[in-house]
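Asks: To be precise about what I am sending: the file is called input.txt and holds compact mmCIF, C-alpha atoms and all ligand atoms.
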```txt
# COMPACT_ATOMS: atom_id res chain seq x y z
CA MET A 77 12.64 25.38 -11.68
CA THR A 78 11.43 24.10 -8.33
CA TYR A 79 8.47 21.94 -7.38
CA ALA A 80 6.41 21.05 -4.30
CA VAL A 81 4.45 17.82 -4.28
CA TYR A 82 1.73 16.36 -2.08
CA THR A 83 0.53 12.77 -2.34
CA LEU A 84 -2.68 11.23 -1.08
CA GLY A 85 -3.72 7.60 -0.98
CA CYS A 86 -2.03 4.25 -1.32
CA LYS A 87 1.53 2.99 -1.72
CA VAL A 88 1.10 2.91 -5.49
CA ASN A 89 0.42 6.64 -5.48
CA GLN A 90 3.48 7.20 -3.28
CA TYR A 91 5.56 5.13 -5.65
CA GLU A 92 4.24 7.01 -8.68
CA THR A 93 5.01 10.36 -7.07
CA GLN A 94 8.57 9.19 -6.41
CA ALA A 95 8.86 8.08 -10.03
CA LEU A 96 7.49 11.42 -11.26
CA GLU A 97 10.01 13.25 -9.07
CA THR A 98 12.81 11.19 -10.60
CA LEU A 99 11.56 12.09 -14.10
CA LEU A 100 11.42 15.78 -13.13
CA ARG A 101 14.92 15.72 -11.65
CA GLU A 102 16.18 14.24 -14.91
CA ARG A 103 14.68 17.33 -16.56
CA GLY A 104 16.50 19.69 -14.19
CA PHE A 105 13.73 20.34 -11.62
CA ARG A 106 14.58 20.50 -7.90
CA PRO A 107 12.38 20.27 -4.78
CA ALA A 108 11.48 23.75 -3.54
CA GLU A 109 13.00 24.95 -0.30
CA SER A 110 10.55 27.82 -0.01
CA LYS A 111 8.10 28.97 -2.69
CA ALA A 112 7.71 26.51 -5.58
CA ASP A 113 7.40 27.27 -9.31
CA VAL A 114 5.27 24.15 -9.79
CA VAL A 115 2.87 22.53 -7.32
CA ILE A 116 1.82 18.93 -7.90
CA VAL A 117 -0.98 17.04 -6.13
CA ASN A 118 -1.23 13.28 -6.74
CA THR A 119 -4.84 12.62 -5.74
CA CYS A 120 -6.86 9.69 -4.43
CA ALA A 121 -10.50 8.66 -4.95
CA VAL A 122 -10.86 5.54 -2.83
CA THR A 123 -13.42 7.25 -0.57
CA ALA A 124 -15.46 10.46 -0.76
CA GLU A 125 -13.20 11.74 2.02
CA SER A 126 -10.11 11.13 -0.16
CA GLY A 127 -11.68 13.30 -2.88
CA ARG A 128 -12.39 16.06 -0.35
CA LYS A 129 -8.82 15.91 0.97
CA SER A 130 -7.49 16.01 -2.61
CA ARG A 131 -9.41 19.24 -3.32
CA GLN A 132 -8.26 20.69 -0.01
CA ALA A 133 -4.60 19.88 -0.81
CA ILE A 134 -4.86 21.58 -4.21
CA ARG A 135 -6.23 24.76 -2.62
CA ARG A 136 -3.63 24.70 0.16
CA LEU A 137 -0.63 24.33 -2.17
CA GLN A 138 -2.00 27.04 -4.47
CA GLY A 139 -2.39 29.37 -1.47
CA GLN A 140 1.16 28.67 -0.27
CA ASN A 141 2.66 29.15 -3.74
CA PRO A 142 0.81 32.00 -5.48
CA GLY A 143 1.41 32.08 -9.24
CA ALA A 144 2.84 28.55 -9.37
CA LEU A 145 1.88 26.18 -12.18
CA THR A 146 -0.74 23.86 -10.63
CA VAL A 147 -0.51 20.21 -11.68
CA VAL A 148 -3.01 17.56 -10.57
CA CYS A 149 -2.86 13.84 -11.32
CA GLY A 150 -4.02 10.54 -9.82
CA CYS A 151 -7.30 8.72 -9.26
CA TYR A 152 -9.48 11.67 -8.20
CA SER A 153 -8.53 13.77 -11.23
CA GLN A 154 -9.06 10.65 -13.38
CA LEU A 155 -12.66 10.45 -12.15
CA GLU A 156 -13.48 14.16 -11.86
CA PRO A 157 -11.21 16.17 -14.18
CA GLU A 158 -13.76 18.98 -14.54
CA ALA A 159 -13.92 19.53 -10.77
CA VAL A 160 -10.12 19.70 -10.67
CA ALA A 161 -9.92 22.10 -13.62
CA ALA A 162 -12.52 24.29 -11.89
CA LEU A 163 -10.11 24.68 -8.96
CA GLY A 164 -7.70 26.44 -11.32
CA ALA A 165 -5.41 23.52 -12.13
CA ASP A 166 -3.25 24.25 -15.19
CA ILE A 167 -2.32 20.64 -16.00
CA VAL A 168 -4.79 17.83 -15.23
CA PHE A 169 -3.74 14.23 -15.80
CA GLY A 170 -5.34 11.01 -14.58
CA SER A 171 -3.69 7.98 -13.03
CA GLY A 172 -1.58 7.05 -16.08
CA ASP A 173 1.22 8.29 -18.32
CA LYS A 174 3.69 9.88 -15.90
CA HIS A 175 6.26 10.34 -18.71
CA ALA A 176 3.87 12.55 -20.70
CA LEU A 177 3.02 14.37 -17.47
CA ALA A 178 6.70 15.12 -16.82
CA ASP A 179 6.99 16.41 -20.41
CA ALA A 180 3.92 18.65 -19.96
CA ILE A 181 5.34 20.06 -16.71
CA GLU A 182 8.71 20.70 -18.36
CA LYS A 183 7.02 22.64 -21.16
CA ALA A 184 4.55 24.27 -18.71
CA LEU A 185 1.82 23.57 -21.22
CA PRO A 186 -1.67 23.92 -19.75
CA ALA A 187 -3.52 20.70 -20.60
CA VAL A 188 -6.29 18.38 -19.51
CA MET A 189 -5.23 14.87 -20.54
CA VAL A 190 -7.37 12.20 -18.98
CA ASP A 191 -7.57 8.96 -20.94
CA ASP A 192 -10.03 6.04 -20.80
CA PRO A 193 -8.30 3.70 -18.33
CA PHE A 194 -9.98 0.64 -19.88
CA GLN A 195 -8.01 1.30 -23.07
CA ARG A 196 -4.70 0.90 -21.25
CA ARG A 197 -3.04 -2.35 -22.26
CA ALA A 198 0.61 -1.96 -21.31
CA PHE A 199 2.31 -1.47 -17.96
CA GLU A 200 4.00 1.93 -17.90
CA PRO A 201 7.66 1.37 -16.92
CA LEU A 202 8.71 3.97 -14.37
CA PRO A 203 11.97 4.53 -12.52
CA ALA A 204 12.11 2.37 -9.37
CA GLY A 205 13.14 3.48 -5.95
CA ALA A 206 12.92 6.39 -3.58
CA VAL A 207 14.22 9.88 -4.20
CA SER A 208 15.12 10.54 -0.60
CA GLY A 209 16.63 8.34 2.05
CA ARG A 210 18.07 4.90 1.69
CA THR A 211 15.90 2.68 3.84
CA ARG A 212 13.09 1.15 1.80
CA ALA A 213 12.16 1.42 -1.84
CA MET A 214 8.92 0.59 -3.56
CA LEU A 215 8.78 -1.58 -6.62
CA LYS A 216 5.49 -1.44 -8.51
CA ILE A 217 4.88 -4.71 -10.32
CA GLN A 218 1.26 -4.36 -11.34
CA ASP A 219 -1.51 -1.86 -12.11
CA GLY A 220 -5.26 -2.08 -12.59
CA CYS A 221 -7.91 -4.44 -11.24
CA ASP A 222 -10.47 -6.71 -12.92
CA ASN A 223 -12.32 -7.75 -9.78
CA PHE A 224 -15.07 -5.10 -9.61
CA CYS A 225 -15.89 -5.47 -5.94
CA THR A 226 -19.28 -3.81 -5.56
CA TYR A 227 -18.03 -0.95 -3.31
CA CYS A 228 -14.85 -0.09 -5.20
CA VAL A 229 -14.22 2.65 -7.74
CA ILE A 230 -10.60 1.70 -8.43
CA PRO A 231 -11.21 -0.42 -11.60
CA TYR A 232 -12.80 2.71 -13.13
CA THR A 233 -9.74 4.83 -12.36
CA ARG A 234 -6.96 2.32 -13.04
CA GLY A 235 -8.34 0.09 -15.80
CA ARG A 236 -7.52 -3.56 -16.42
CA VAL A 237 -4.66 -5.61 -14.98
CA ARG A 238 -1.22 -4.83 -16.45
CA SER A 239 1.98 -6.32 -15.09
CA LEU A 240 5.71 -5.61 -15.14
CA PRO A 241 7.43 -8.55 -16.89
CA LEU A 242 9.44 -10.91 -14.66
CA GLU A 243 12.80 -9.91 -16.15
CA ALA A 244 12.04 -6.26 -15.41
CA CYS A 245 11.00 -7.14 -11.82
CA ALA A 246 14.38 -8.83 -11.34
CA ALA A 247 16.31 -6.00 -13.03
CA GLN A 248 14.62 -3.30 -10.93
CA ALA A 249 15.20 -5.30 -7.73
CA ALA A 250 18.88 -5.76 -8.56
CA GLN A 251 19.19 -2.04 -9.26
CA LEU A 252 17.60 -1.14 -5.92
CA ALA A 253 19.91 -3.59 -4.11
CA GLY A 254 22.87 -1.98 -5.86
CA GLU A 255 21.70 1.45 -4.72
CA GLY A 256 21.86 0.27 -1.10
CA PHE A 257 18.21 -0.07 -0.14
CA ALA A 258 17.64 -2.46 2.77
CA GLU A 259 14.01 -3.26 1.95
CA ILE A 260 11.92 -3.52 -1.19
CA VAL A 261 8.15 -3.10 -0.84
CA VAL A 262 6.36 -4.95 -3.64
CA THR A 263 3.35 -2.85 -4.58
CA GLY A 264 0.52 -2.76 -7.06
CA ILE A 265 -3.19 -2.06 -7.19
CA GLU A 266 -4.10 -5.77 -6.92
CA ILE A 267 -0.86 -7.77 -6.87
CA ALA A 268 -2.62 -11.14 -6.55
CA SER A 269 -3.59 -10.72 -10.22
CA TYR A 270 0.04 -10.24 -11.22
CA GLY A 271 0.89 -11.79 -14.58
CA LYS A 272 -2.53 -12.70 -15.95
CA ASP A 273 -1.87 -10.32 -18.86
CA LEU A 274 1.68 -11.58 -19.55
CA PRO A 275 2.78 -14.38 -21.91
CA GLY A 276 2.90 -17.68 -20.02
CA LYS A 277 0.83 -16.14 -17.22
CA PRO A 278 3.39 -16.06 -14.39
CA GLY A 279 1.92 -15.55 -10.93
CA LEU A 280 2.71 -13.42 -7.91
CA ALA A 281 4.99 -16.11 -6.44
CA ASP A 282 7.07 -15.97 -9.64
CA ALA A 283 7.39 -12.20 -9.32
CA VAL A 284 8.36 -12.37 -5.65
CA GLU A 285 10.91 -15.09 -6.42
CA ALA A 286 12.39 -13.00 -9.21
CA ILE A 287 12.69 -9.98 -6.90
CA ALA A 288 13.94 -11.85 -3.82
CA GLN A 289 16.55 -13.79 -5.79
CA ALA A 290 17.78 -10.70 -7.63
CA ALA A 291 18.21 -8.89 -4.29
CA PRO A 292 19.19 -11.71 -1.89
CA HIS A 293 20.57 -9.39 0.83
CA VAL A 294 17.54 -7.11 0.80
CA ARG A 295 14.37 -7.89 2.69
CA VAL A 296 11.24 -8.12 0.56
CA HIS A 297 7.96 -6.87 1.93
CA LEU A 298 4.67 -7.62 0.22
CA GLY A 299 2.02 -4.92 -0.16
CA SER A 300 -1.70 -5.51 0.32
CA LEU A 301 -2.72 -9.03 -0.72
CA GLU A 302 -6.00 -10.56 -1.86
CA PRO A 303 -6.42 -13.73 0.24
CA THR A 304 -7.20 -15.79 -2.86
CA ALA A 305 -3.51 -15.60 -3.81
CA VAL A 306 -2.37 -17.37 -0.66
CA THR A 307 -2.24 -21.06 -1.55
CA GLU A 308 -0.08 -23.76 0.06
CA ALA A 309 2.35 -23.57 -2.85
CA PHE A 310 2.51 -19.77 -2.63
CA CYS A 311 3.43 -19.94 1.08
CA ARG A 312 5.98 -22.72 0.53
CA ARG A 313 7.73 -20.86 -2.28
CA LEU A 314 7.87 -17.55 -0.39
CA ALA A 315 9.13 -19.13 2.84
CA ALA A 316 11.89 -20.94 0.91
CA LEU A 317 13.31 -17.63 -0.28
CA GLY A 318 14.53 -16.61 3.19
CA ASN A 319 14.29 -12.84 2.66
CA VAL A 320 10.52 -12.34 2.52
CA CYS A 321 9.24 -10.38 5.53
CA PRO A 322 6.88 -12.27 7.87
CA HIS A 323 4.21 -9.58 7.62
CA PHE A 324 1.18 -9.95 5.38
CA HIS A 325 -1.53 -7.37 4.88
CA LEU A 326 -4.71 -9.06 3.73
CA SER A 327 -7.83 -7.48 2.23
CA LEU A 328 -10.49 -8.85 4.58
CA GLN A 329 -13.20 -6.14 4.30
CA SER A 330 -15.78 -8.11 6.30
CA GLY A 331 -15.94 -11.11 8.63
CA CYS A 332 -19.51 -11.96 7.63
CA ASP A 333 -20.13 -14.35 4.72
CA ASP A 334 -23.33 -12.67 3.59
CA THR A 335 -21.65 -9.25 3.50
CA LEU A 336 -18.62 -10.66 1.65
CA ARG A 337 -20.95 -12.14 -0.97
CA ARG A 338 -22.71 -8.80 -1.48
CA MET A 339 -19.32 -7.10 -1.71
CA HIS A 340 -18.50 -9.55 -4.52
CA ARG A 341 -15.42 -10.75 -2.68
CA LYS A 342 -14.12 -14.10 -3.90
CA TYR A 343 -13.72 -15.93 -0.57
CA ASP A 344 -15.72 -16.66 2.56
CA THR A 345 -14.62 -16.56 6.18
CA ALA A 346 -13.65 -20.25 6.22
CA ALA A 347 -11.32 -19.73 3.25
CA PHE A 348 -9.88 -16.61 4.89
CA LEU A 349 -9.16 -18.45 8.14
CA ALA A 350 -7.39 -21.18 6.14
CA VAL A 351 -5.22 -18.46 4.57
CA CYS A 352 -4.22 -17.18 8.03
CA GLY A 353 -3.35 -20.75 9.06
CA ARG A 354 -1.24 -21.33 5.96
CA LEU A 355 0.72 -18.12 6.46
CA ARG A 356 1.35 -18.92 10.13
CA ALA A 357 2.51 -22.44 9.27
CA ALA A 358 4.97 -21.13 6.69
CA PHE A 359 6.06 -18.02 8.66
CA PRO A 360 5.74 -18.89 12.38
CA GLY A 361 4.86 -15.83 14.45
CA CYS A 362 4.20 -13.69 11.39
CA ALA A 363 2.16 -10.50 11.77
CA LEU A 364 -1.14 -10.47 9.92
CA THR A 365 -2.87 -7.16 9.29
CA ALA A 366 -6.03 -6.41 7.32
CA ASP A 367 -8.41 -3.83 5.89
CA LEU A 368 -12.00 -3.72 7.10
CA ILE A 369 -15.01 -1.81 5.79
CA CYS A 370 -17.55 -0.94 8.51
CA GLY A 371 -21.20 -0.28 7.66
CA PHE A 372 -21.46 -1.76 4.15
CA PRO A 373 -25.05 -1.34 2.83
CA GLY A 374 -27.34 -3.84 4.50
CA GLU A 375 -24.77 -4.85 7.15
CA SER A 376 -26.99 -5.69 10.14
CA GLU A 377 -26.01 -5.49 13.77
CA ALA A 378 -25.70 -9.30 13.78
CA ASP A 379 -23.49 -9.20 10.66
CA PHE A 380 -21.19 -6.69 12.31
CA ALA A 381 -21.06 -8.71 15.52
CA GLN A 382 -19.91 -11.68 13.38
CA THR A 383 -17.18 -9.50 11.91
CA LEU A 384 -15.92 -8.42 15.33
CA ALA A 385 -15.78 -12.03 16.50
CA PHE A 386 -13.97 -12.97 13.29
CA LEU A 387 -11.25 -10.37 13.90
CA GLU A 388 -10.52 -12.11 17.20
CA ARG A 389 -10.41 -15.54 15.54
CA CYS A 390 -7.89 -14.32 12.98
CA GLY A 391 -5.66 -12.87 15.72
CA PHE A 392 -4.56 -9.90 13.65
CA PHE A 393 -1.73 -7.65 14.75
CA TYR A 394 -3.56 -4.63 13.35
CA VAL A 395 -6.65 -3.87 11.26
CA HIS A 396 -7.24 -0.70 9.28
CA ALA A 397 -10.97 -0.15 9.82
CA PHE A 398 -12.73 2.55 7.88
CA PRO A 399 -16.37 3.50 7.25
CA TYR A 400 -18.00 2.37 4.01
CA SER A 401 -17.96 5.26 1.54
CA VAL A 402 -20.53 5.59 -1.24
CA ARG A 403 -18.72 5.76 -4.57
CA PRO A 404 -21.00 6.95 -7.38
CA GLY A 405 -21.30 4.46 -10.24
CA THR A 406 -20.57 1.37 -8.15
CA LYS A 407 -23.17 -1.35 -7.48
CA ALA A 408 -23.05 -0.85 -3.74
CA ALA A 409 -23.98 2.81 -4.12
CA ALA A 410 -27.43 1.69 -5.34
CA MET A 411 -27.94 -1.04 -2.74
CA PRO A 412 -30.72 -0.70 -0.16
CA GLY A 413 -29.91 -0.47 3.53
CA GLN A 414 -27.40 2.41 3.45
CA LEU A 415 -26.27 3.26 6.97
CA THR A 416 -25.90 6.79 8.29
CA ARG A 417 -22.48 8.34 8.78
CA GLU A 418 -22.95 8.17 12.55
CA GLU A 419 -23.81 4.46 12.41
CA LYS A 420 -20.77 3.68 10.28
CA GLU A 421 -18.44 5.71 12.47
CA ALA A 422 -19.81 4.05 15.62
CA ARG A 423 -18.93 0.67 14.09
CA VAL A 424 -15.41 1.87 13.25
CA ARG A 425 -15.01 2.86 16.92
CA ARG A 426 -16.27 -0.51 18.12
CA ALA A 427 -13.90 -2.30 15.75
CA GLY A 428 -11.13 -0.05 17.10
CA GLU A 429 -11.63 -1.41 20.62
CA VAL A 430 -11.19 -5.00 19.41
CA ILE A 431 -8.21 -4.02 17.26
CA ALA A 432 -6.45 -2.27 20.16
CA ARG A 433 -6.82 -5.44 22.25
CA LEU A 434 -5.45 -7.62 19.45
CA GLN A 435 -2.54 -5.25 18.92
CA ARG A 436 -1.61 -5.33 22.61
CA ALA A 437 -1.69 -9.13 22.58
CA TYR A 438 0.55 -9.43 19.51
CA LEU A 439 3.07 -6.90 20.81
CA ALA A 440 3.20 -8.59 24.22
CA GLY A 441 3.98 -11.86 22.43
CA CYS A 442 7.08 -10.25 20.89
CA VAL A 443 8.75 -9.61 24.27
CA GLY A 444 11.78 -11.86 24.75
CA LYS A 445 12.15 -12.51 21.01
CA ALA A 446 14.71 -11.11 18.57
CA LEU A 447 13.69 -9.08 15.54
CA PRO A 448 15.82 -7.84 12.64
CA VAL A 449 15.03 -4.11 12.69
CA LEU A 450 15.51 -1.74 9.78
CA PHE A 451 16.33 1.65 11.31
CA GLU A 452 14.69 4.74 9.85
CA ASN A 453 16.58 6.97 12.27
CA ALA A 454 19.15 6.52 15.05
CA ARG A 455 16.71 4.99 17.51
CA GLU A 456 13.58 3.86 15.65
CA GLY A 457 12.77 1.38 12.98
CA HIS A 458 10.51 -1.49 12.02
CA GLY A 459 10.98 -5.18 12.64
CA ASP A 460 10.61 -7.52 9.70
CA ASN A 461 7.08 -8.17 11.02
CA TYR A 462 6.47 -4.42 10.63
CA CYS A 463 6.18 -3.72 14.36
CA PRO A 464 7.65 -0.33 15.31
CA VAL A 465 10.76 -0.77 17.50
CA ARG A 466 12.71 1.75 19.59
CA ILE A 467 16.15 1.30 21.19
CA LYS A 468 18.17 3.33 23.71
CA GLU A 469 21.52 3.10 21.96
CA GLN A 470 22.38 4.53 18.53
CA ALA A 471 21.92 2.71 15.25
CA VAL A 472 22.79 3.82 11.74
CA ARG A 473 19.83 4.88 9.60
CA GLY A 474 19.16 2.41 6.80
CA THR A 475 20.91 -0.53 8.48
CA VAL A 476 19.36 -3.73 9.86
CA GLU A 477 20.26 -4.81 13.41
CA ASN A 478 19.04 -7.71 15.52
CA VAL A 479 17.11 -6.31 18.45
CA ARG A 480 16.05 -8.32 21.51
CA ILE A 481 12.61 -7.07 22.55
CA THR A 482 12.43 -6.27 26.25
CA ALA A 483 9.14 -4.39 26.74
CA VAL A 484 6.16 -2.69 25.10
CA ASP A 485 5.48 1.05 25.36
CA GLY A 486 2.02 1.82 23.94
CA ASP A 487 2.14 0.58 20.37
CA VAL A 488 5.96 0.48 20.17
CA LEU A 489 8.32 -2.36 21.07
CA LEU A 490 11.37 -1.47 23.16
CA GLY A 491 14.57 -3.44 22.85
CA GLU A 492 18.34 -3.58 22.71
CA VAL A 493 20.68 -4.44 19.88
CA THR A 494 22.15 -7.90 20.29
CA ASN A 495 24.31 -8.63 17.27
CA ARG A 496 24.32 -7.82 13.59
CA PRO A 497 22.04 -10.12 11.61
CA GLU A 498 23.18 -12.49 8.93
CA PRO A 499 23.59 -10.92 5.46
CA ILE A 500 20.06 -11.97 4.51
CA ALA A 501 17.96 -9.51 6.39
CA ASN A 502 15.35 -11.69 8.04
CA THR A 503 17.24 -14.82 9.01
CA GLY A 504 17.12 -13.83 12.68
CA GLU A 505 14.85 -15.59 15.13
CA LYS A 506 11.22 -14.90 14.37
CA VAL A 507 8.55 -14.04 16.85
S1 LIG A 601 -9.79 -6.17 -5.54
FE1 LIG A 601 -11.76 -5.17 -5.15
S2 LIG A 601 -11.28 -3.68 -3.53
FE2 LIG A 601 -9.33 -4.23 -4.48
S3 LIG A 601 -8.98 -2.67 -6.10
FE3 LIG A 601 -9.98 -4.46 -7.04
S4 LIG A 601 -12.17 -3.93 -6.99
FE4 LIG A 601 -11.14 -2.58 -5.51
```
Show the structure stored in the file as structure tokens.
Replies:
Amino acid sequence: MTYAVYTLGCKVNQYETQALETLLRERGFRPAESKADVVIVNTCAVTAESGRKSRQAIRRLQGQNPGALTVVCGCYSQLEPEAVAALGADIVFGSGDKHALADAIEKALPAVMVDDPFQRRAFEPLPAGAVSGRTRAMLKIQDGCDNFCTYCVIPYTRGRVRSLPLEACAAQAAQLAGEGFAEIVVTGIEIASYGKDLPGKPGLADAVEAIAQAAPHVRVHLGSLEPTAVTEAFCRRLAALGNVCPHFHLSLQSGCDDTLRRMHRKYDTAAFLAVCGRLRAAFPGCALTADLICGFPGESEADFAQTLAFLERCGFFYVHAFPYSVRPGTKAAAMPGQLTREEKEARVRRAGEVIARLQRAYLAGCVGKALPVLFENAREGHGDNYCPVRIKEQAVRGTVENVRITAVDGDVLLGEVTNRPEPIANTGEKV
């Protein structure tokens, strides 16, 4: 039997698709080269647009593979299983229980199995790693979120915080190192909450230590981080490991204190700036990136102007700016002062102008420095600070080389290989 799969949304969804593919391969399934017997869509619900794209992907795969068993899982089908079933899906699962999903696909049993995510208490162990390529692997250490930010639907699709025990983090990291991966991306829905459900309540720094020490020759890249996790001790412990990438993606969401408060975020701009300072002190030249919501209900022109100025103060390398999306059932959906789509999109464009300037400045600052680059193909890869890098000569896919940066071409750094880096991937000179 053959399958075709399409994934929307975050790194956790990508990881879970990879894990599901591994489970299907163990059951004898193979990726389709032409028409598939089974089509699988792993959906996303983070914005209304993600839901629309999820429905579109289901229809497209059905059209390309007439008669195939249609399987839909993920956050959108968790929230709206009836809408998914109405599109003709044979098997509808939510965001959990990938083992049962693989069993249902193997038996081709039509089913709608969407649980109550708030009843989930245990972390579902899934196979780690990537099914194709040997560059970077994802390691999911955490699921769920207890924060209930007023705009976010994720706690309703993923349930409460559940964490992978420390020993399992270390074992999965060692396995990935043994399989030859050059980078492990530590992912989760809200990794700053790692461990609050485990005996002894270990924290994120404990998990990163366990992973980095179990895979000392592999570089470790953190997924999206809540700023509240970034204490002095956290930075000190991560920097001491030597193989943690100097790139940190922070959930900013707004640079206006009043908006942050109404979003129910747990920090203000002063605390966020202190986080940036701590990271830069521990990882000199590190790249900081962030997420930003434009046009939250009640965000005035003055509030947004504060946010734009704050982006400059933080000196980000890149910011993912997106328009606020009304998610039914959340507190923000009922707030007064909803902006029109045009107003929100205009703010995204204005943020984009600031972001492009910041990006140019960070990239220009890399020229003349050396970066350990993990190559995804013969000429292109990413530095440990996550900047895209291109070289003229040939490199071997999946290897890490030290590259001296000579110029910037658009949003890509150009450079030449100097020498092979030390065994620990990111011990080269940092920008
Ligand atoms: S921390 Fe906030 S934004 Fe992030 S998943 Fe949890 S509720 Fe959503």
Asks: Quick one: axis-aligned box around all listed atoms of range 442-454 of chain A, 4 Å on every side, centre and edge lengths in Å to one decimal, written as AutoDock Vina command-line options.
Replies:
```
--center_x 13.1 --center_y -2.8 --center_z 17.3 --size_x 20.1 --size_y 27.5 --size_z 23.0
```
Asks: How many Å separate CA of Ala144 in chain A from CA of Ala112 in chain A?
Replies: 6.5 Å
Asks: Can you pull out every residue within 8 Å of Gly459 in chain A, counting all atoms listed in the file, but drop anything in the same chain fewer than 5 positions away, and send it as a PyMOL selection string?
Replies: chain A and resi 447-450+464-465
Asks: Mind listing whatever residues come within 8 Å of the point (17.9, -4.0, 17.5)? Use all atoms listed in the file, file coordinates, and give them as a ChimeraX atom specification.
Replies: /A:446-449,465,467,476-481,491-495
Asks: Arg313 in chain A: which residues within 12 Å, counting only C-alpha atoms, same-chain residues fewer than 6 positions away excluded, as a ChimeraX atom specification?
Replies: /A:279-286,288-289,306-307,319-320,355,358-359
Asks: Let me have all residues with an atom within 8 Å of ligand LIG 601 (chain A), counting only C-alpha atoms and all ligand atoms, laid out as a PDB file with C-alpha atoms, in the frame of the given file.
Replies:
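Final output, selection.pdb:
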```
ATOM      1  CA  GLY A 220      -5.260  -2.080 -12.590  1.00  0.00           C
ATOM      2  CA  CYS A 221      -7.910  -4.440 -11.240  1.00  0.00           C
ATOM      3  CA  ASP A 222     -10.470  -6.710 -12.920  1.00  0.00           C
ATOM      4  CA  ASN A 223     -12.320  -7.750  -9.780  1.00  0.00           C
ATOM      5  CA  PHE A 224     -15.070  -5.100  -9.610  1.00  0.00           C
ATOM      6  CA  CYS A 225     -15.890  -5.470  -5.940  1.00  0.00           C
ATOM      7  CA  THR A 226     -19.280  -3.810  -5.560  1.00  0.00           C
ATOM      8  CA  TYR A 227     -18.030  -0.950  -3.310  1.00  0.00           C
ATOM      9  CA  CYS A 228     -14.850  -0.090  -5.200  1.00  0.00           C
ATOM     10  CA  VAL A 229     -14.220   2.650  -7.740  1.00  0.00           C
ATOM     11  CA  ILE A 230     -10.600   1.700  -8.430  1.00  0.00           C
ATOM     12  CA  PRO A 231     -11.210  -0.420 -11.600  1.00  0.00           C
ATOM     13  CA  ILE A 265      -3.190  -2.060  -7.190  1.00  0.00           C
ATOM     14  CA  GLU A 266      -4.100  -5.770  -6.920  1.00  0.00           C
ATOM     15  CA  GLU A 302      -6.000 -10.560  -1.860  1.00  0.00           C
ATOM     16  CA  SER A 327      -7.830  -7.480   2.230  1.00  0.00           C
ATOM     17  CA  ARG A 341     -15.420 -10.750  -2.680  1.00  0.00           C
TER      18      ARG A 341
END
```
Asks: Counting only C-alpha atoms, what is within 9 Å of range 381-392 of chain A, bar same-chain residues fewer than 3 positions away, as number ranges by chain?
Replies: A: 330-332, 345, 348-349, 352-353, 363-366, 376-378, 395, 426-427, 430-431, 434-435, 437-438
Asks: Would you kindly return, as a ChimeraX atom specification, each protein, DNA or RNA residue with an atom no farther than 9 Å from any atom of Gly271 in chain A, considering all atoms listed in the file and excluding same-chain residues fewer than 3 positions away?
Replies: /A:218,237-242,267-268,274-280,282-283
Asks: Choose the residue, out of A:Asp379, A:Asp273, A:Glu182, A:Glu125, that has the smallest atom-to-atom separation from Val402 in chain A; count only C-alpha atoms.
Replies: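 Smallest distance to Val402 in chain A is found for A:Glu125.
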Asks: Tell me which protein, DNA and RNA residues are within 9 Å of Asn453 in chain A, counting only C-alpha atoms, leaving out same-chain ones fewer than 2 positions away, and put them as a list in words.
Replies: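 Near Asn453 in chain A, the qualifying residues are Phe451, Arg455, Glu456, Gly457, Gln470, Ala471, Val472, Arg473 and Gly474 of chain A.
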Asks: So, with all atoms listed in the file as the atoms that count, which of A:Arg234, A:Arg417, A:His323, A:His340 lies closest to Gly264 in chain A?
Replies: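 Under the stated criterion, the closest residue is A:Arg234.
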Asks: Expressed in Å to a single decimal, how great is the separation between CA of Leu328 in chain A and CA of Cys362 in chain A?
Replies: 16.9 Å
Asks: Give the answer as one residue: which of A:Ile116, A:Val296, A:Ala249, A:Cys311 has the shortest atom-to-atom distance to Tyr462 in chain A, using all atoms listed in the file?
Replies: A:Val296
Asks: Kindly indicate which residue among A:Leu317, A:Val261, A:Val443, A:Ile369 lies nearest to Glu421 in chain A, using only C-alpha atoms for the distances.
Replies: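 When distances to Glu421 in chain A are compared using only C-alpha atoms, the smallest one comes from A:Ile369.
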Asks: Mind pulling up the distance from CA of Val424 in chain A to CA of Ala397 in chain A?
Replies: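 Separation of CA of Ala397 in chain A and CA of Val424 in chain A: 6.0 Å.
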